[in-house]
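For reference, final-v8.csv (CSV, C-alpha atoms):
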```csv
chain,number,residue,atom,x,y,z
V,26,GLU,CA,0.0,0.0,0.0
V,27,PRO,CA,1.4,3.4,-0.9
V,28,GLU,CA,2.6,5.4,2.0
V,29,VAL,CA,4.0,8.8,3.0
V,30,THR,CA,7.7,8.8,3.8
V,31,GLN,CA,9.6,11.3,5.9
V,32,THR,CA,13.3,11.9,6.3
V,33,PRO,CA,15.2,12.1,8.5
V,34,SER,CA,13.5,10.2,11.3
V,35,HIS,CA,15.4,12.2,13.9
V,36,GLN,CA,17.1,15.6,13.5
V,37,VAL,CA,19.2,17.3,16.2
V,38,THR,CA,20.1,20.9,15.6
V,39,GLN,CA,21.4,23.9,17.5
V,40,MET,CA,19.2,26.9,18.3
V,41,GLY,CA,19.3,29.4,15.5
V,42,GLN,CA,20.2,26.9,12.8
V,43,GLU,CA,18.1,26.2,9.7
V,44,VAL,CA,16.5,22.8,9.2
V,45,ILE,CA,14.7,21.2,6.3
V,46,LEU,CA,12.4,18.4,6.9
V,47,ARG,CA,11.5,16.2,3.9
V,48,CYS,CA,8.5,14.3,2.9
V,49,VAL,CA,7.4,12.3,-0.1
V,50,PRO,CA,3.6,12.2,-0.2
V,51,ILE,CA,1.6,9.5,-1.9
V,52,SER,CA,2.1,9.9,-5.6
V,53,ASN,CA,-1.5,10.6,-6.8
V,54,HIS,CA,-2.4,12.8,-3.9
V,55,LEU,CA,-3.0,16.5,-4.4
V,56,TYR,CA,-3.2,18.1,-0.9
V,57,PHE,CA,-0.2,18.2,1.4
V,58,TYR,CA,0.0,19.0,5.1
V,59,TRP,CA,2.4,19.6,7.9
V,60,TYR,CA,1.4,18.9,11.5
V,61,ARG,CA,3.5,19.0,14.6
V,62,GLN,CA,3.1,17.2,18.0
V,63,ILE,CA,5.0,18.5,21.0
V,64,LEU,CA,5.8,15.6,23.3
V,65,GLY,CA,2.7,14.6,25.3
V,66,GLN,CA,0.6,17.2,23.5
V,67,LYS,CA,-2.0,17.3,20.7
V,68,VAL,CA,-1.4,17.1,17.0
V,69,GLU,CA,-1.4,20.7,15.8
V,70,PHE,CA,-2.0,21.9,12.2
V,71,LEU,CA,0.7,24.0,10.7
V,72,VAL,CA,0.0,24.4,7.0
V,73,SER,CA,-1.8,22.9,4.0
V,74,PHE,CA,-0.6,23.1,0.4
V,75,TYR,CA,-2.3,22.7,-2.9
V,76,ASN,CA,-1.5,23.5,-6.5
V,77,ASN,CA,1.9,24.8,-5.5
V,78,GLU,CA,0.8,27.3,-3.0
V,79,ILE,CA,-0.2,27.5,0.7
V,80,SER,CA,-4.0,27.1,1.1
V,81,GLU,CA,-4.3,27.5,4.9
V,82,LYS,CA,-1.8,28.1,7.7
V,83,SER,CA,-2.1,28.3,11.4
V,84,GLU,CA,-0.8,30.9,13.9
V,85,ILE,CA,2.1,28.6,14.6
V,86,PHE,CA,3.3,28.9,11.0
V,87,ASP,CA,5.0,32.3,11.2
V,88,ASP,CA,7.6,33.8,8.9
V,89,GLN,CA,10.3,31.4,10.3
V,90,PHE,CA,8.5,28.5,8.5
V,91,SER,CA,8.2,27.9,4.8
V,92,VAL,CA,7.1,25.0,2.6
V,93,GLU,CA,8.1,24.0,-0.9
V,94,ARG,CA,7.4,21.4,-3.4
V,95,PRO,CA,10.7,21.6,-5.3
V,96,ASP,CA,9.9,18.8,-7.8
V,97,GLY,CA,7.1,16.4,-8.5
V,98,SER,CA,7.6,14.2,-5.5
V,99,ASN,CA,9.1,16.0,-2.5
V,100,PHE,CA,7.4,18.3,-0.1
V,101,THR,CA,9.6,20.2,2.4
V,102,LEU,CA,9.2,22.2,5.6
V,103,LYS,CA,12.0,24.7,6.4
V,104,ILE,CA,12.5,26.3,9.7
V,105,ARG,CA,14.8,29.2,9.2
V,106,SER,CA,16.1,29.9,12.7
V,107,THR,CA,15.1,27.1,15.1
V,108,LYS,CA,14.1,27.8,18.7
V,109,LEU,CA,14.0,25.5,21.6
V,110,GLU,CA,10.2,25.4,21.5
V,111,ASP,CA,10.3,24.1,17.9
V,112,SER,CA,11.4,20.7,19.4
V,113,ALA,CA,8.5,18.3,18.4
V,114,MET,CA,7.5,15.5,16.1
V,115,TYR,CA,6.7,16.9,12.7
V,116,PHE,CA,4.3,14.9,10.6
V,117,CYS,CA,3.7,15.2,6.9
V,118,ALA,CA,0.3,14.1,5.6
V,119,SER,CA,-1.3,13.9,2.2
V,120,ARG,CA,-4.8,13.6,0.9
V,121,ALA,CA,-6.2,12.6,-2.5
V,122,GLY,CA,-8.9,15.2,-2.5
V,123,THR,CA,-11.0,17.4,-0.2
V,124,HIS,CA,-14.3,15.5,-0.4
V,125,THR,CA,-15.5,14.5,3.0
V,126,ASN,CA,-14.5,10.8,2.7
V,127,SER,CA,-10.9,11.6,1.8
V,128,PRO,CA,-8.7,10.8,4.8
V,129,LEU,CA,-5.3,12.2,5.7
V,130,HIS,CA,-2.4,9.7,5.3
V,131,PHE,CA,0.4,10.4,7.7
V,132,GLY,CA,4.1,9.7,7.6
V,133,ASN,CA,6.0,8.4,10.6
V,134,GLY,CA,7.3,11.8,11.4
V,135,THR,CA,10.6,13.5,12.0
V,136,ARG,CA,11.6,14.1,15.6
V,137,LEU,CA,13.2,17.5,15.8
V,138,THR,CA,15.4,18.2,18.8
V,139,VAL,CA,16.7,21.8,19.2
V,140,THR,CA,19.4,22.2,21.7
N,9,THR,CA,-11.6,28.4,16.5
N,10,GLN,CA,-12.9,24.9,16.3
N,11,LEU,CA,-11.9,22.7,19.3
N,12,LEU,CA,-12.3,19.0,19.9
N,13,GLU,CA,-12.3,17.6,23.4
N,14,GLN,CA,-11.7,13.9,24.2
N,15,SER,CA,-12.6,11.9,27.3
N,16,PRO,CA,-11.3,10.2,29.2
N,17,GLN,CA,-7.7,11.5,28.8
N,18,PHE,CA,-6.3,8.2,30.1
N,19,LEU,CA,-7.9,4.7,30.4
N,20,SER,CA,-6.4,1.6,31.7
N,21,ILE,CA,-8.5,-1.6,31.6
N,22,GLN,CA,-8.1,-5.4,31.7
N,23,GLU,CA,-8.1,-7.5,28.6
N,24,GLY,CA,-11.7,-8.6,27.8
N,25,GLU,CA,-13.4,-5.5,29.1
N,26,ASN,CA,-15.5,-3.1,27.0
N,27,LEU,CA,-14.9,0.6,26.8
N,28,THR,CA,-16.2,3.8,25.2
N,29,VAL,CA,-14.2,7.0,24.5
N,30,TYR,CA,-15.8,10.3,23.5
N,31,CYS,CA,-15.0,13.1,21.2
N,32,ASN,CA,-16.9,16.4,21.7
N,33,SER,CA,-17.1,19.8,20.2
N,34,SER,CA,-19.4,22.8,20.1
N,35,SER,CA,-18.7,23.1,16.3
N,36,VAL,CA,-20.2,21.2,13.4
N,37,PHE,CA,-17.8,19.1,11.3
N,38,SER,CA,-18.3,18.0,7.7
N,39,SER,CA,-16.7,14.7,8.7
N,40,LEU,CA,-14.9,13.2,11.6
N,41,GLN,CA,-12.0,10.7,11.6
N,42,TRP,CA,-10.6,8.4,14.2
N,43,TYR,CA,-6.9,7.6,14.2
N,44,ARG,CA,-4.7,5.4,16.4
N,45,GLN,CA,-1.2,6.5,17.1
N,46,GLU,CA,1.5,4.3,18.6
N,47,PRO,CA,4.7,5.7,20.1
N,48,GLY,CA,7.2,7.0,17.5
N,49,GLU,CA,4.7,6.6,14.7
N,50,GLY,CA,2.3,8.8,12.8
N,51,PRO,CA,-1.5,8.5,13.3
N,52,VAL,CA,-3.1,5.7,11.4
N,53,LEU,CA,-6.6,6.1,10.1
N,54,LEU,CA,-9.3,3.8,11.6
N,55,VAL,CA,-12.5,5.2,10.2
N,56,THR,CA,-14.2,8.3,8.6
N,57,VAL,CA,-17.8,9.2,9.6
N,58,VAL,CA,-19.7,11.7,7.5
N,59,THR,CA,-23.4,11.5,8.1
N,60,GLY,CA,-25.1,12.6,11.3
N,61,GLY,CA,-26.1,9.5,13.3
N,62,GLU,CA,-23.9,7.2,11.2
N,63,VAL,CA,-22.5,4.0,12.8
N,64,LYS,CA,-19.6,2.2,11.5
N,65,LYS,CA,-18.1,-1.1,12.7
N,66,LEU,CA,-14.5,-2.3,12.3
N,67,LYS,CA,-14.3,-5.7,13.9
N,68,ARG,CA,-14.5,-5.1,17.6
N,69,LEU,CA,-14.6,-1.3,17.2
N,70,THR,CA,-17.9,0.6,16.8
N,71,PHE,CA,-17.8,4.3,15.8
N,72,GLN,CA,-20.8,6.7,16.0
N,73,PHE,CA,-21.2,10.2,14.7
N,74,GLY,CA,-23.6,12.4,16.6
N,75,ASP,CA,-26.8,13.4,14.9
N,76,ALA,CA,-25.7,17.1,14.9
N,77,ARG,CA,-22.2,16.1,13.6
N,78,LYS,CA,-20.6,17.7,16.7
N,79,ASP,CA,-19.5,14.6,18.6
N,80,SER,CA,-18.5,11.0,18.2
N,81,SER,CA,-17.9,7.9,20.2
N,82,LEU,CA,-15.7,4.9,19.8
N,83,HIS,CA,-16.7,1.7,21.6
N,84,ILE,CA,-14.3,-1.3,21.8
N,85,THR,CA,-15.7,-4.7,22.7
N,86,ALA,CA,-13.5,-7.2,24.5
N,87,ALA,CA,-10.4,-5.1,24.4
N,88,GLN,CA,-7.1,-6.8,23.7
N,89,PRO,CA,-3.5,-5.7,24.5
N,90,GLY,CA,-3.1,-4.9,20.8
N,91,ASP,CA,-5.7,-2.2,21.2
N,92,THR,CA,-3.3,-0.2,23.4
N,93,GLY,CA,-2.4,3.2,21.9
N,94,LEU,CA,-3.4,6.8,21.6
N,95,TYR,CA,-6.9,7.3,20.0
N,96,LEU,CA,-7.3,10.6,18.2
N,97,CYS,CA,-10.4,12.1,16.7
N,98,ALA,CA,-10.0,14.7,14.0
N,99,GLY,CA,-12.8,16.9,12.6
N,100,ALA,CA,-12.8,18.3,9.1
N,101,ASN,CA,-14.1,21.7,8.7
N,102,TYR,CA,-15.5,22.8,5.4
N,103,GLY,CA,-12.1,23.8,4.2
N,104,GLN,CA,-9.1,21.6,3.9
N,105,ASN,CA,-7.9,21.6,7.4
N,106,PHE,CA,-8.4,18.9,10.1
N,107,VAL,CA,-8.6,19.8,13.8
N,108,PHE,CA,-7.3,17.1,16.2
N,109,GLY,CA,-8.5,16.3,19.7
N,110,PRO,CA,-5.9,15.8,22.5
N,111,GLY,CA,-6.4,12.0,22.4
N,112,THR,CA,-7.4,9.2,24.8
N,113,ARG,CA,-4.4,7.1,25.8
N,114,LEU,CA,-5.7,3.5,26.2
N,115,SER,CA,-3.8,0.8,28.0
N,116,VAL,CA,-5.1,-2.7,27.9
N,117,LEU,CA,-3.5,-5.0,30.4
N,118,PRO,CA,-3.2,-8.8,29.8
```

Write out the structure in this file as structure tokens.
Amino acid sequence: EPEVTQTPSHQVTQMGQEVILRCVPISNHLYFYWYRQILGQKVEFLVSFYNNEISEKSEIFDDQFSVERPDGSNFTLKIRSTKLEDSAMYFCASRAGTHTNSPLHFGNGTRLTVT
Amino acid sequence: TQLLEQSPQFLSIQEGENLTVYCNSSSVFSSLQWYRQEPGEGPVLLVTVVTGGEVKKLKRLTFQFGDARKDSSLHITAAQPGDTGLYLCAGANYGQNFVFGPGTRLSVLP
């Protein structure tokens, strides 16, 4: 069964450094998402992406964050200058369409640790 | 802002017992999904409910969507240790976004 893949599985970085988290969504899906989950807390929406542009973003997704689909397969999340509070699991998800029966398919996440 | 609440937050039961967990909101959702998440992994979809009052069964799991499409329940019959995990509900608004509840952490003891 097709799946969403994320790399790396774990990223350790120093405060102030830039990180890029990578995702390969399911190939025929059109809608792409990033969520994060701080340890022990709820899954929080960051951003959705469709047709090569951001369609929705949350308050968390400030100007330190950006997303890109550099080619036909990858979907990346960049954090320009990481802060300690950015430490979390970051999940990429994709979705075939936006009709009500179309579920989100999640990757296994990247654990980001900012020191 | 749409919010989903889940109860109970934690649940520890013995193998063979039945349980129900709840997902509630003051907002109406176009659909609601239940996921199970295991440590170090992403959420895995269990079911999507769309119609108010809808009931779906997945083996020993029964999902119900409230008539007003604001709440949902998950009932597990004869729980097994393999059911252990974090159960998340997620509501779809009429846009593209999903709002997640905080989850119910279930532990089924052998």

Tell me as a PDB file with C-alpha atoms, keeping the file's coordinate frame which residues belonging to chain V come within 12 Å of chain N, counting all atoms listed in the file.
```pdb
ATOM      1  CA  GLU V  28       2.600   5.400   2.000  1.00  0.00           C
ATOM      2  CA  VAL V  29       4.000   8.800   3.000  1.00  0.00           C
ATOM      3  CA  THR V  30       7.700   8.800   3.800  1.00  0.00           C
ATOM      4  CA  GLN V  31       9.600  11.300   5.900  1.00  0.00           C
ATOM      5  CA  SER V  34      13.500  10.200  11.300  1.00  0.00           C
ATOM      6  CA  HIS V  35      15.400  12.200  13.900  1.00  0.00           C
ATOM      7  CA  LEU V  55      -3.000  16.500  -4.400  1.00  0.00           C
ATOM      8  CA  TYR V  56      -3.200  18.100  -0.900  1.00  0.00           C
ATOM      9  CA  PHE V  57      -0.200  18.200   1.400  1.00  0.00           C
ATOM     10  CA  TYR V  58       0.000  19.000   5.100  1.00  0.00           C
ATOM     11  CA  TRP V  59       2.400  19.600   7.900  1.00  0.00           C
ATOM     12  CA  TYR V  60       1.400  18.900  11.500  1.00  0.00           C
ATOM     13  CA  ARG V  61       3.500  19.000  14.600  1.00  0.00           C
ATOM     14  CA  GLN V  62       3.100  17.200  18.000  1.00  0.00           C
ATOM     15  CA  ILE V  63       5.000  18.500  21.000  1.00  0.00           C
ATOM     16  CA  LEU V  64       5.800  15.600  23.300  1.00  0.00           C
ATOM     17  CA  GLY V  65       2.700  14.600  25.300  1.00  0.00           C
ATOM     18  CA  GLN V  66       0.600  17.200  23.500  1.00  0.00           C
ATOM     19  CA  LYS V  67      -2.000  17.300  20.700  1.00  0.00           C
ATOM     20  CA  VAL V  68      -1.400  17.100  17.000  1.00  0.00           C
ATOM     21  CA  GLU V  69      -1.400  20.700  15.800  1.00  0.00           C
ATOM     22  CA  PHE V  70      -2.000  21.900  12.200  1.00  0.00           C
ATOM     23  CA  LEU V  71       0.700  24.000  10.700  1.00  0.00           C
ATOM     24  CA  VAL V  72       0.000  24.400   7.000  1.00  0.00           C
ATOM     25  CA  SER V  73      -1.800  22.900   4.000  1.00  0.00           C
ATOM     26  CA  PHE V  74      -0.600  23.100   0.400  1.00  0.00           C
ATOM     27  CA  TYR V  75      -2.300  22.700  -2.900  1.00  0.00           C
ATOM     28  CA  ILE V  79      -0.200  27.500   0.700  1.00  0.00           C
ATOM     29  CA  SER V  80      -4.000  27.100   1.100  1.00  0.00           C
ATOM     30  CA  GLU V  81      -4.300  27.500   4.900  1.00  0.00           C
ATOM     31  CA  LYS V  82      -1.800  28.100   7.700  1.00  0.00           C
ATOM     32  CA  SER V  83      -2.100  28.300  11.400  1.00  0.00           C
ATOM     33  CA  GLU V  84      -0.800  30.900  13.900  1.00  0.00           C
ATOM     34  CA  ALA V 113       8.500  18.300  18.400  1.00  0.00           C
ATOM     35  CA  MET V 114       7.500  15.500  16.100  1.00  0.00           C
ATOM     36  CA  TYR V 115       6.700  16.900  12.700  1.00  0.00           C
ATOM     37  CA  PHE V 116       4.300  14.900  10.600  1.00  0.00           C
ATOM     38  CA  CYS V 117       3.700  15.200   6.900  1.00  0.00           C
ATOM     39  CA  ALA V 118       0.300  14.100   5.600  1.00  0.00           C
ATOM     40  CA  SER V 119      -1.300  13.900   2.200  1.00  0.00           C
ATOM     41  CA  ARG V 120      -4.800  13.600   0.900  1.00  0.00           C
ATOM     42  CA  ALA V 121      -6.200  12.600  -2.500  1.00  0.00           C
ATOM     43  CA  GLY V 122      -8.900  15.200  -2.500  1.00  0.00           C
ATOM     44  CA  THR V 123     -11.000  17.400  -0.200  1.00  0.00           C
ATOM     45  CA  HIS V 124     -14.300  15.500  -0.400  1.00  0.00           C
ATOM     46  CA  THR V 125     -15.500  14.500   3.000  1.00  0.00           C
ATOM     47  CA  ASN V 126     -14.500  10.800   2.700  1.00  0.00           C
ATOM     48  CA  SER V 127     -10.900  11.600   1.800  1.00  0.00           C
ATOM     49  CA  PRO V 128      -8.700  10.800   4.800  1.00  0.00           C
ATOM     50  CA  LEU V 129      -5.300  12.200   5.700  1.00  0.00           C
ATOM     51  CA  HIS V 130      -2.400   9.700   5.300  1.00  0.00           C
ATOM     52  CA  PHE V 131       0.400  10.400   7.700  1.00  0.00           C
ATOM     53  CA  GLY V 132       4.100   9.700   7.600  1.00  0.00           C
ATOM     54  CA  ASN V 133       6.000   8.400  10.600  1.00  0.00           C
ATOM     55  CA  GLY V 134       7.300  11.800  11.400  1.00  0.00           C
ATOM     56  CA  THR V 135      10.600  13.500  12.000  1.00  0.00           C
ATOM     57  CA  ARG V 136      11.600  14.100  15.600  1.00  0.00           C
TER      58      ARG V 136
END
```

Gap from atom CA of Glu25 of chain N to atom CA of Cys97 of chain N - Å, one decimal: 21.7 Å

Length of the atom CA of Ile21 of chain N to atom CA of Leu69 of chain N vector [Å]: 15.6 Å

Within 8 Å of Asp111 of chain V using all atoms listed in the file, minus same-chain residues under 5 positions, as a ChimeraX atom specification: /V:137-139

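Atom CA of Gly24 of chain N is positioned 13.6 Å from atom CA of Leu114 of chain N.
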